[in-house]
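Shown here: coords-v1.cif, mmCIF, C-alpha atoms.
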```
data_my_file
#
loop_
_atom_site.label_atom_id
_atom_site.label_comp_id
_atom_site.auth_asym_id
_atom_site.auth_seq_id
_atom_site.Cartn_x
_atom_site.Cartn_y
_atom_site.Cartn_z
CA MET A 1 106.13 51.23 86.55
CA LYS A 2 104.57 54.42 87.85
CA ILE A 3 106.30 56.42 90.57
CA VAL A 4 104.30 58.90 92.66
CA ARG A 5 105.89 61.22 95.20
CA THR A 6 104.75 63.75 97.70
CA TYR A 7 106.78 66.93 97.67
CA PRO A 8 107.41 69.15 100.68
CA ASN A 9 105.62 72.44 101.08
CA LEU A 10 108.78 74.54 101.28
CA LEU A 11 107.04 77.55 102.83
CA TRP A 12 106.11 75.58 105.96
CA LEU A 13 109.41 73.72 106.06
CA ILE A 14 111.54 76.89 105.86
CA LEU A 15 109.30 78.72 108.32
CA ASN A 16 109.65 75.93 110.85
CA PHE A 17 113.43 75.70 110.37
CA VAL A 18 113.70 79.45 111.00
CA PHE A 19 111.57 79.07 114.12
CA LEU A 20 113.79 76.26 115.44
CA ILE A 21 116.98 78.17 114.62
CA PHE A 22 115.63 81.21 116.51
CA PHE A 23 114.98 79.19 119.67
CA GLY A 24 118.31 77.38 119.26
CA ILE A 25 120.13 80.72 119.19
CA LEU A 26 118.18 81.87 122.25
CA ILE A 27 119.33 78.76 124.10
CA PHE A 28 122.98 79.49 123.27
CA ILE A 29 122.60 83.14 124.34
CA PHE A 30 121.12 82.16 127.71
CA ILE A 31 123.79 79.51 128.25
CA SER A 32 126.54 82.03 127.51
CA VAL A 33 124.99 84.55 129.92
CA LEU A 34 124.47 81.95 132.62
CA PHE A 35 127.85 80.24 132.32
CA ASN A 36 130.26 83.03 131.50
CA PHE A 37 133.29 80.79 131.88
CA LYS A 38 135.91 83.57 131.85
CA THR A 39 134.60 85.23 135.00
CA TYR A 40 132.43 82.51 136.51
CA PHE A 41 134.87 81.51 139.24
CA ILE A 42 136.39 84.97 139.75
CA ILE A 43 133.26 87.10 140.11
CA ASN A 44 130.25 85.42 141.63
CA ASP A 45 127.56 87.70 140.19
CA PRO A 46 124.08 86.75 141.48
CA ASN A 47 122.44 88.73 138.65
CA ARG A 48 123.33 85.97 136.20
CA PHE A 49 120.80 83.63 137.76
CA TRP A 50 117.92 85.31 135.86
CA ALA A 51 119.00 83.43 132.71
CA VAL A 52 118.02 80.03 134.16
CA PHE A 53 114.28 80.46 133.64
CA PRO A 54 114.41 81.74 130.04
CA LEU A 55 116.93 78.96 129.30
CA ILE A 56 114.54 76.31 130.59
CA PHE A 57 111.61 77.91 128.72
CA ALA A 58 113.52 78.22 125.40
CA THR A 59 114.83 74.66 125.71
CA PHE A 60 111.35 73.32 126.40
CA ILE A 61 109.88 75.17 123.41
CA PHE A 62 112.73 74.02 121.15
CA VAL A 63 112.42 70.34 122.14
CA TYR A 64 108.63 70.37 121.96
CA PHE A 65 108.48 71.92 118.49
CA TYR A 66 111.34 69.78 117.18
CA TYR A 67 109.49 66.65 118.27
CA GLN A 68 106.22 67.88 116.80
CA LEU A 69 107.77 68.93 113.50
CA SER A 70 109.82 65.77 113.16
CA ASN A 71 106.58 63.80 113.14
CA HIS A 72 104.65 66.18 110.85
CA PHE A 73 107.17 66.47 108.02
CA THR A 74 107.01 63.02 106.43
CA PHE A 75 107.30 62.61 102.67
CA ALA A 76 106.76 59.48 100.59
CA ARG A 77 107.55 57.89 97.25
CA LEU A 78 105.42 55.03 95.94
CA ASN A 79 106.20 52.72 93.06
CA THR A 80 104.84 49.31 92.06
CA ASN A 81 107.02 47.30 94.47
CA ASP A 82 107.66 49.46 97.51
CA ILE A 83 107.02 52.67 99.34
CA SER A 84 109.73 54.92 100.78
CA PHE A 85 109.25 57.36 103.64
CA TYR A 86 111.57 60.22 104.41
CA GLN A 87 111.31 62.18 107.65
CA VAL A 88 113.35 65.35 107.17
CA MET A 89 113.93 66.42 110.73
CA LYS A 90 114.67 62.92 112.01
CA PHE A 91 117.09 62.26 109.12
CA LYS A 92 115.25 58.96 108.66
CA PHE A 93 114.74 57.09 105.39
CA VAL A 94 112.64 53.90 105.42
CA ASN A 95 111.93 51.65 102.45
CA ILE A 96 109.04 49.16 102.84
CA ARG A 97 107.67 46.57 100.42
CA LEU A 98 103.99 46.94 99.57
CA LYS A 99 103.19 43.45 100.87
CA ASP A 100 104.44 44.54 104.34
CA ILE A 101 101.82 47.29 104.56
CA LYS A 102 98.80 46.44 106.70
CA GLY A 103 96.66 49.22 105.21
CA TYR A 104 95.95 52.91 105.31
CA SER A 105 93.29 55.20 106.68
CA ASN A 106 92.15 58.78 106.23
CA SER A 107 91.86 61.31 108.99
CA GLU A 108 91.35 65.04 109.47
CA ILE A 109 93.58 67.20 111.65
CA SER A 110 92.57 70.51 113.16
CA TYR A 111 95.15 73.14 114.03
CA GLY A 112 94.21 75.94 116.38
CA ARG A 113 90.99 76.67 118.18
CA ILE A 114 87.70 78.13 117.10
CA PRO A 115 87.41 80.67 115.39
CA LEU A 116 91.02 80.48 114.16
CA ASN A 117 91.22 76.80 113.36
CA TYR A 118 92.37 75.13 110.15
CA THR A 119 91.46 71.58 109.15
CA THR A 120 93.54 69.49 106.79
CA LYS A 121 93.50 65.87 105.64
CA SER A 122 96.00 63.16 106.43
CA ILE A 123 96.79 59.59 105.46
CA VAL A 124 98.03 57.17 108.09
CA ILE A 125 99.87 54.17 106.62
CA TYR A 126 100.20 51.17 108.92
CA ILE A 127 103.03 48.67 108.64
CA LYS A 128 102.63 45.03 109.73
CA ASP A 129 105.38 45.35 112.34
CA GLY A 130 103.27 47.95 114.22
CA ASP A 131 104.92 51.10 112.87
CA GLN A 132 102.93 53.91 111.25
CA PHE A 133 103.65 56.89 109.02
CA GLU A 134 101.39 59.90 108.68
CA LEU A 135 101.30 62.12 105.60
CA ILE A 136 99.64 65.50 106.16
CA LYS A 137 98.19 67.39 103.20
CA LEU A 138 99.20 70.80 104.60
CA PHE A 139 102.88 69.84 104.44
CA ASN A 140 102.79 67.77 101.22
CA TYR A 141 102.17 68.62 97.59
CA ASN A 142 100.82 65.91 95.28
CA PHE A 143 98.79 64.49 98.17
CA ASP A 144 95.66 63.64 96.17
CA ASN A 145 97.60 61.75 93.48
CA PHE A 146 99.33 59.76 96.21
CA THR A 147 95.95 58.75 97.70
CA LYS A 148 94.70 57.69 94.28
CA GLU A 149 97.83 55.61 93.68
CA LEU A 150 97.41 53.83 97.03
CA LYS A 151 93.94 52.73 95.86
CA ASP A 152 95.31 51.67 92.45
CA ASN A 153 97.97 49.48 94.10
CA LYS A 154 95.19 47.69 96.03
CA ILE A 155 96.47 48.58 99.47
CA LYS A 156 93.77 47.81 102.03
CA TYR A 157 91.71 50.82 103.07
CA LEU A 158 90.96 50.67 106.80
CA GLY A 159 88.46 53.52 106.81
CA LYS A 160 88.19 57.04 108.09
CA GLU A 161 89.25 57.45 111.68
CA GLN A 162 89.30 60.08 114.34
CA TYR A 163 92.47 60.70 116.26
CA GLN A 164 92.91 61.10 119.97
CA SER A 165 95.34 63.79 120.83
CA GLY A 166 98.22 62.66 122.97
CA ILE A 167 100.82 64.67 124.83
CA TYR A 168 103.29 64.76 121.95
CA LYS A 169 101.68 62.86 119.09
CA ARG A 170 98.23 61.97 117.81
CA LYS A 171 97.05 58.43 118.57
CA TYR A 172 95.10 56.36 116.08
CA LYS A 173 93.02 53.25 116.66
CA TYR A 174 94.34 50.97 113.89
CA ILE A 175 97.76 50.51 115.51
CA ASN A 176 97.37 46.75 116.16
#
```

Could you write out this file's structure as structure tokens?
Amino acid sequence: MKIVRTYPNLLWLILNFVFLIFFGILIFIFISVLFNFKTYFIINDPNRFWAVFPLIFATFIFVYFYYQLSNHFTFARLNTNDISFYQVMKFKFVNIRLKDIKGYSNSEISYGRIPLNYTTKSIVIYIKDGDQFELIKLFNYNFDNFTKELKDNKIKYLGKEQYQSGIYKRKYKYIN
């Protein structure tokens, strides 16, 4: 009974948590400036209205990056009977039997634009109920051993696929 895990790249995880905490603090600062509840009804200061636009901007950035990071940081543990996925920022833990897996595919993800782009590999694991989990090499250690163990457990390889970028999440063709 061999157990293989992917481990989080703590540098990226901590950096992204710090980034989210920064924008979360900005949101609270703008809310406290905008809605100063002690003097809100006594002094109607029109200069407070400037905080609406940075509040909307900081909230948008926070929600966008939280959604992106909650999909990127997925970690897995594979043994002979099942595979477990843990999504850190969604606080989600899913345990799936190997016979319920439809297959997996490889893909490459590019971050940034030319000339400052970075390409990394990913594995997309498809579940028979239509769900999918993506493991990204940039955010996972022990990625190559995990790929080798998927082959050793005779999980169907669906091939290499290109993704189509969506508004919030990449879309893959082997969904159905």

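Our summary of the geometry notes that atom CA of Ile136 of chain A is positioned 7.8 Å from atom CA of Phe73 of chain A.
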
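Minimum atom-to-atom distance to Phe22 of chain A, evaluated using only C-alpha atoms, belongs to A:Ile61 out of A:Ile125, A:Leu69, A:Val4, A:Ile61.
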
Expansion of the PyMOL selection byres ((chain A and resi 66) around 10) into residues, as a VMD selection string
chain A and resid 16 to 17 19 to 20 60 to 65 67 to 72 89 to 90

Proximity of segment 70-129 of chain A to segment 138-160 of chain A: per-residue shortest pair, 10 Å limit, all atoms listed in the file, as CSV:
```
residue,atom,partner,partner_atom,distance
A:His72,CA,A:Phe139,CA,7.6
A:Phe73,CA,A:Phe139,CA,6.5
A:Thr74,CA,A:Asn140,CA,8.2
A:Phe75,CA,A:Asn140,CA,7.0
A:Ala76,CA,A:Phe146,CA,8.6
A:Arg77,CA,A:Phe146,CA,8.5
A:Leu78,CA,A:Phe146,CA,7.7
A:Asn79,CA,A:Glu149,CA,8.9
A:Thr80,CA,A:Asn153,CA,7.2
A:Asn81,CA,A:Asn153,CA,9.3
A:Ile83,CA,A:Leu150,CA,10.0
A:Leu98,CA,A:Ile155,CA,7.7
A:Lys99,CA,A:Ile155,CA,8.6
A:Ile101,CA,A:Ile155,CA,7.5
A:Lys102,CA,A:Lys156,CA,7.0
A:Gly103,CA,A:Lys156,CA,4.5
A:Tyr104,CA,A:Tyr157,CA,5.2
A:Ser105,CA,A:Leu158,CA,5.1
A:Asn106,CA,A:Lys160,CA,4.7
A:Ser107,CA,A:Lys160,CA,5.7
A:Glu108,CA,A:Lys160,CA,8.7
A:Ile109,CA,A:Leu138,CA,9.7
A:Tyr118,CA,A:Leu138,CA,9.8
A:Thr119,CA,A:Leu138,CA,9.0
A:Thr120,CA,A:Leu138,CA,6.2
A:Lys121,CA,A:Leu138,CA,7.6
A:Ser122,CA,A:Leu138,CA,8.5
A:Ile123,CA,A:Thr147,CA,7.9
A:Val124,CA,A:Leu158,CA,9.7
A:Ile125,CA,A:Tyr157,CA,9.5
A:Tyr126,CA,A:Leu158,CA,9.5
```

Nearby residues, (104.1, 40.6, 108.3) file frame, 7 Å, all atoms listed in the file, as a PyMOL selection string
chain A and resi 100+128-129

By how many Å are atom CA of Pro8 of chain A and atom CA of Phe133 of chain A apart?
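Atom-to-atom, atom CA of Pro8 of chain A and atom CA of Phe133 of chain A are spaced 15.3 Å apart.
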
Could you list, as a list in words, every residue within 12 Å of Leu55 of chain A, counting all atoms listed in the file and ignoring same-chain residues fewer than 3 positions away?
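Surrounding residues, per the criterion: Phe23, Gly24, Ile25, Leu26, Ile27, Phe28, Ile29, Phe30, Ile31, Ser32, Val33, Leu34, Phe35, Arg48, Phe49, Trp50, Ala51, Val52, Ala58, Thr59, Phe60, Ile61 and Phe62 of chain A.
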
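Going from atom CA of Tyr86 of chain A to atom CA of Gly130 of chain A covers 17.8 Å.
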
Measuring between all atoms listed in the file, which one of A:Ile114, A:Lys137, A:Phe53, A:Asp131 shows the shortest distance to Asn9 of chain A?
A:Lys137

Return the single residue from A:Ile127, A:Val88, A:Ile56, A:Asp82 that is closest to Leu13 of chain A, with distances computed using all atoms listed in the file.
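The answer is A:Val88, which sits nearest to Leu13 of chain A.
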